[in-house]
Each structure stands twice: as structure tokens, then as C-alpha cells.
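Peer 1: Handing you this structure, nothing more for now.
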Amino acid sequence: MSAIIEVRDVKKTYHRGNQPIPVLDGIQLSIEQGAFEALMGPSGSGKTTLLNLIAGIDRPTSGQVIVGGEDITHFSEGDLATWRARHVGFIFQFYNLLPVLTAFQNVELPLLLTKLGKAERQKRVETALRVVGLEDRMHHYPRELSGGQEQRVAIARAIVTDPTILVADEPTGDLDRKSAEEILKLLSLLNTKFNKTIVMVTHDPAAAQAAKIIRRLDKGRLAEETRPSA
Amino acid sequence: MNFPILVIKSAFRNRVRTVLTSIGVAVTIIAFLFLRTFIAAWYAGAESAGADRMVVRNKTAIIFPLPLAYASKVKNVPGVSALSYMVWFGGYYKDPKQFFAKFAMEDHALELYPEVLVPPAQMEAFKQDKQGAVIGVRLAEKYGWKIGDRVTLTGDIYPGEWSFNVRALYTATSKTFDQQTMYFHWTYLNDALVEEKRDQVGILIFKVGAATDSAQVARSVDQLFANSSAETRTESEKAFQNEFLSMSSQLLGAISVISMVVLVILVLILANTLSMATRERTTEYAVMRALGFQPAHVVRLVLGEGFVISLVGVALGVGLAAPVLRFFADLFQRELGPFLGAFEIDPKLVALAVAIALACGMFSAALPAWRAGKLKIVDSLRRVE
């Protein structure tokens, strides 16, 4: 299989005042098309920073990030935004739905950036909501949904544009065990049935078991790679 | 859904705050319209002045009279056509605090004011009655006077009790012409005065022909009485009325400044709300940016919210301004009628207020919008997570 994500000797350093704080230190990573990988590690290990670099919402201090054959490292802000709209689906820990929009409208939000007509947008939104099992809740506002349902709406929003990769940052971190299991099943379904490439950051070893590959980071370096038993 | 709907929904994210802000905008709009209308109304009297009417007064001060004999001399100055005269009576009706203007006029004085309409039969009745009076319809409404009523004034400049018969009611084609004035016969007043106070007038009023150089006529009139014991000052009616207004120029200037301060308050109200709103929603903007929205989209969203909130406030303000100003118009007509012209909202002023308020909305949103557009996605997401 070909690599859909390549991270080449990436370093990332933040600055607090004049003091440099290295977060990633020469990461080399290759993720194949259709993979479902979990990034684990202690707080401050750099897993979320690595995810942000792959998703194109942050830039490395040095090195290259290549996604779908495109080196996004030197994209302009505008080009990077356009690229994200087309290629990346985000799933956040706290769902981050817009409270003034219904589930339908939240899922439709990324499609406003496309040239799709209203009918086509509606079709896609309904399909995405059907995939996550919330077609009967499409006119509900986030406050009318449970945490698990909100996260499923967020997943529908992430897949509605049919992106190249899905990035999930602690997608089960704010959920109870039952809801977390449902979300992980859904992610597995998206990976196996729809062949979506998923990169997930998690603290939770149980959540990481849903992935096909678990990579551990420690102090800004990739430490080990394991494959959970099925 | 489309982008404008997203803007509107976002503007009403915190409904209580948006409604309160809109009410704040509405109040400032009403205050602005009220203050500017007040100023306009103050100047409306001068605006109603006839372009072809000239006024002659005592050069020393308006309170000093002119000899009646000047009338016939001025009438002979080339360029002067119709001429008449009046004198300020002062006095009061029952209560000194209840003010309205009263003039003793030469019988034909109102003929110089084509904007004043008096039914011919009533005017004839007035002319036939030495104690007759012509009264503005609004003054008649205020006191419930009707034709045939007897009205007694108490004089101050001209002491004593002065009784009049209401013989005519006038209306005016111009809204700015005061309709709360009382006119009566100058001869009635003059005949009742002691010998040394007789045959004096307050002002002479005359018309000049359309092609006449009014400035030259004014100079000719004033030259006639140069170096006399009662030198004159001749000027257009508008200049004459503006002199009265200039006495209150400082007050009007202060009101004008306050009306500008109101706009500053408007900007502060909106800026405060939009700053709070954008600060609270930093994560939302970051999420939108992460989803692929450009900085320009976020800027437009915040600017749009400022526009929507100010638009709601403007609509509310303009909608309420009419009844509020009507209330004050009635109040002023009752209490200050002779000093204020038509207290009505000028549509141009409304258009100006709308434009200013919307511009203020956009201006207030500019800084929050710029900040929202510049936010770093990772930093903003980290605020919550």
C-alpha cells in the first residue's frame, strides 16, 4: 500500500518568551492509505502537535509533512485552508459543534465552502447523518443531544466532504464508556467499510485498541509501534 | 443554510445580549434623531422666513421702538413694495408662565405673509372690530377658544387689562410658521396709550420686488435715518430671525455636541458587545478555520454580526422614534410652541441616522473581526481543550 501521510524529519519548537521549548524532535512517520492509527503518549509528549501538523493547522519548525502526495509544509494560510476543506475531517474531544446550528446545519457547514447546490448538499448531509445513525435527530440543536450524539454529529461533519484523512483528537475523552465504545465502533466502521484513513490521538489504552496500529510518543520522539490483537 | 443565515444565527447566539444591545442602539438612534430634530426645529422659524421680506428695526436694540412716521418714508424708497408694521405686546393670559407671542399689527400686515391663511369673512370681521384678534389655530386649540370668544390679556410692557374678541383663526401652509400667535389691531393699542408713547412701532416689514437688489434697498432705508435719534437696521427676515436664534447658539452647539457623543456611545455599546461575543467564540472561529474557512470568512462573519445587531437596533429605533418624537412634538407645541418650528423627523435625517448606525456597527465590529481573522487555530483550540 502507498503512504498517504509522510512526516519527514519534523521538528517543532515553541517559544515561551525567549526560551525555546522543543516539542517534536525529528519525527519520521509514514501512514498508509486506509490505516487507522492511534498516537499515544504522556502529556507533553507531542502527540497532539503531531496531529495538528498532519492536519495542516500548525506548521513544523523544520522538516516536511506530505499528505496525499502534497507537501503542505510551505502552503500559504489561504492555500492551507482550502486544502484542509478538501482533504481533512476533524473530530475534536469536545465535539465543537456550533450551538446556534442544528445537527443538519452543523454537518452542512463544511459544504458551504464547496460549489455544491442545495439539493446535493442536503443529500450528502443526510447520508453522513445516516452513517452515524442520527438521521432522526437532524433538526435537533446540540443542546438537545447527548455527548455521544454530539460526537456522532461531529463525525458526520468530518466525513461529509469525503476527506482524504480523518484526524481525531481524544474523540472519546469527554464521553462515558458506553458512548466511547459506540464512537470507536463508528470510527472502525468508517475505516473498514469506507476505507477512511484515521489518525487518532488518545490517552485511553482501551480506545487505542480500536486502531490497527498504536504509535507511542515520548519527549517528542516516536518510541514504539504496536499492533493490537484483533 | 447559507452564509447570511449563519451570520444571523450567530448574531442571535446570546439572544438576551443581542436584544439588549439592539435596544441600546435603538435608544441612541432615538436620542440622536431627537436632538438633531430639536436643532432643526429651532432653526425652522428662520427657514420659514420669506425670501422677499425685509425687516426694519431700531439699530440700538430690538426693544427700542421706531417712530410710525418712518413707515411712510420707507414706503417711498425705490424697490419697496408692500409695507406694514407690528409691535411686540408682551403680556400674558391668566398665567405669566403660559407663554405665547402677541403682536399689535397694522391691519394689513398678514397680507405680507401669503403662507398665512385666514378665511376672508373672518378677516373682514377682524377688520371691522377694533378689539378683534386673529389667533393661530393651535393656540385656539390649546385654550379652547373659538370665534366670538372674549379673551383678556394682562399687559406688562403695556400695563392694564386688554380685552379682545376672537374674530379670525389662521392656519399656515408652512409647517414651520408658528400657529400659536395672537395678532390684534395696532390702533387699539396705540389709541389706549398716553400721548408720549403713541405712534411707535416695533418693526417695519416690507417686501421687495423679485428683481430688486434687497441689499441696496436696505442700505437706502438705513441711510434715510442715519444720524437720527432712532437709527435703523434693515435686513432680510431670515437674518432678523437668525439674530434671535444666535442668542441660543451656545445651547444649540452643546446639543449638537451631545448628539455626536450619542454616536460615540453607540459605537462603544456595539464594540463592547461584539468584543465579548468574539472573545467567547474564539474556539468556534478556530473550528471554522480548521474546517477550511478562510480568515476572510471569519472577518465577514463578525462584521456581518455587527451589521445585523445594529440593523435590528436601527429598525427598532427608527420605528419607535416617530411616536416618541410625536409625544415630544405635542409637548413642545404646548409648552414651547412659539420658539420651535415644526418638530417633525426629516426623512433625510432618518436616512443619515440609519447610515451612521450601520457604519458604527461595522466600525465597532472591525477590531473584533480583525482579531478573529488573525487568530491562530492551534492556540484558540487549546484555550478550551
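Chain labels A, B, ... are given in the sequence in which chains occur in the C-alpha cells; within each chain residues are numbered consecutively from 1, and ligands are likewise numbered from 1 in the order shown.
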Residues of chain A no more than 8 Å from chain B, counting only C-alpha atoms: send them over as a VMD selection string.
Peer 2: chain A and resid 52 57 to 58 78 80 to 86 88 to 90 93 to 94 96 to 101 105 108 110 112 to 113
Peer 1: If we count only C-alpha atoms and set the cut-off at 10 Å, which residues sit around Ala103 in chain A, ignoring sequence neighbours fewer than 4 positions away in its own chain? Please answer as a list of chain:residue names.
Peer 2: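 The neighbour list is A:Leu97, A:Leu98, A:Pro99, A:Val107, A:Glu108, A:Leu109, A:Val125, A:Leu129, A:Leu134, A:Glu135, A:Arg137, A:Met138, A:His139, A:His140, A:Tyr141, A:Pro142, A:Glu144, A:Leu145, A:Gln149, A:Glu150, A:Arg152, A:Val153, A:Ala154, A:Ala156, A:Arg157.
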Peer 1: So the first atom is CA of Ser380 in chain B and the second is CA of Gln28 in chain A; what is the distance between them in Å, to one decimal place?
Peer 2: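 About the pair CA of Ser380 in chain B and CA of Gln28 in chain A: they are 27.2 Å apart.
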Peer 1: Select from range 30-172 of chain A everything DSSP, run on the backbone, classes as helix (DSSP H, G or I), then give the selection as a ChimeraX atom specification.
Peer 2: /A:47-55,77-87,103-113,118-131,135-137,142-144,147-159
Peer 1: Out of B:Asp178, B:Glu344, B:Asp129, B:Asp191, which residue has the shortest atom-to-atom distance to Glu115 in chain B when counting only C-alpha atoms?
Peer 2: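 That would be B:Asp178, the residue with the smallest distance to Glu115 in chain B.
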Peer 1: Any idea what the distance is between CA of Leu20 in chain B and CA of Arg371 in chain B?
Peer 2: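 These atoms are spaced 24.0 Å apart.
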Peer 1: Per DSSP on the backbone, filter range 98-209 of chain B down to the residues in strand (DSSP E or B) and report them as an mmCIF file with C-alpha atoms, in the first residue's frame.
Peer 2:
data_model
loop_
_atom_site.group_PDB
_atom_site.id
_atom_site.type_symbol
_atom_site.label_atom_id
_atom_site.label_comp_id
_atom_site.auth_asym_id
_atom_site.auth_seq_id
_atom_site.Cartn_x
_atom_site.Cartn_y
_atom_site.Cartn_z
ATOM 1 C CA ALA B 101 -46.472 85.540 21.180
ATOM 2 C CA LYS B 102 -48.768 88.561 20.830
ATOM 3 C CA PHE B 103 -48.354 91.289 18.261
ATOM 4 C CA ALA B 104 -50.228 94.506 17.690
ATOM 5 C CA MET B 105 -50.215 94.792 13.912
ATOM 6 C CA VAL B 116 -50.837 82.564 6.438
ATOM 7 C CA LEU B 117 -54.391 81.630 5.583
ATOM 8 C CA GLY B 132 -60.717 91.945 17.183
ATOM 9 C CA ALA B 133 -57.924 89.404 17.232
ATOM 10 C CA VAL B 134 -56.563 86.866 14.765
ATOM 11 C CA ILE B 135 -55.409 83.725 16.502
ATOM 12 C CA GLY B 136 -53.431 80.713 15.360
ATOM 13 C CA ARG B 150 -63.640 87.219 24.541
ATOM 14 C CA VAL B 151 -60.042 86.993 25.700
ATOM 15 C CA THR B 152 -58.444 89.270 28.267
ATOM 16 C CA LEU B 153 -54.690 89.718 28.469
ATOM 17 C CA THR B 154 -52.740 91.285 31.270
ATOM 18 C CA GLY B 155 -50.145 93.694 29.937
ATOM 19 C CA GLY B 160 -53.520 97.034 32.259
ATOM 20 C CA GLU B 161 -56.216 94.606 31.242
ATOM 21 C CA TRP B 162 -56.673 94.289 27.479
ATOM 22 C CA SER B 163 -59.756 92.611 26.156
ATOM 23 C CA PHE B 164 -60.102 91.143 22.690
ATOM 24 C CA ASN B 165 -62.719 89.396 20.603
ATOM 25 C CA VAL B 166 -61.594 86.347 18.674
ATOM 26 C CA ARG B 167 -62.673 87.233 15.121
ATOM 27 C CA ALA B 168 -60.432 85.068 12.979
ATOM 28 C CA LEU B 169 -58.392 81.895 13.133
ATOM 29 C CA TYR B 170 -55.383 81.463 10.903
ATOM 30 C CA THR B 171 -53.636 78.401 9.615
ATOM 31 C CA ALA B 172 -50.344 78.254 7.743
ATOM 32 C CA THR B 181 -49.525 83.597 17.863
ATOM 33 C CA MET B 182 -52.126 86.231 18.526
ATOM 34 C CA TYR B 183 -52.421 89.308 16.330
ATOM 35 C CA PHE B 184 -54.622 92.314 17.057
ATOM 36 C CA HIS B 185 -55.070 95.906 15.881
ATOM 37 C CA GLN B 200 -44.452 103.973 17.715
ATOM 38 C CA VAL B 201 -43.866 100.600 16.154
ATOM 39 C CA ILE B 203 -40.584 96.710 13.379
ATOM 40 C CA LEU B 204 -41.438 97.705 9.853
ATOM 41 C CA ILE B 205 -41.907 94.887 7.382
ATOM 42 C CA PHE B 206 -41.806 95.373 3.671
ATOM 43 C CA LYS B 207 -41.484 93.378 0.523
ATOM 44 C CA VAL B 208 -39.034 93.933 -2.277
#
Peer 1: Could you work out how far CA of Thr127 in chain A lies from CA of Ser179 in chain A, giving the answer in Å with one decimal?
Peer 2: 21.4 Å
Peer 1: Within 7 Å of Ser310 in chain B, counting only C-alpha atoms, which residues qualify if same-chain residues fewer than 5 places away don't, as a PyMOL selection string?
Peer 2: chain B and resi 22+25+357-358+361
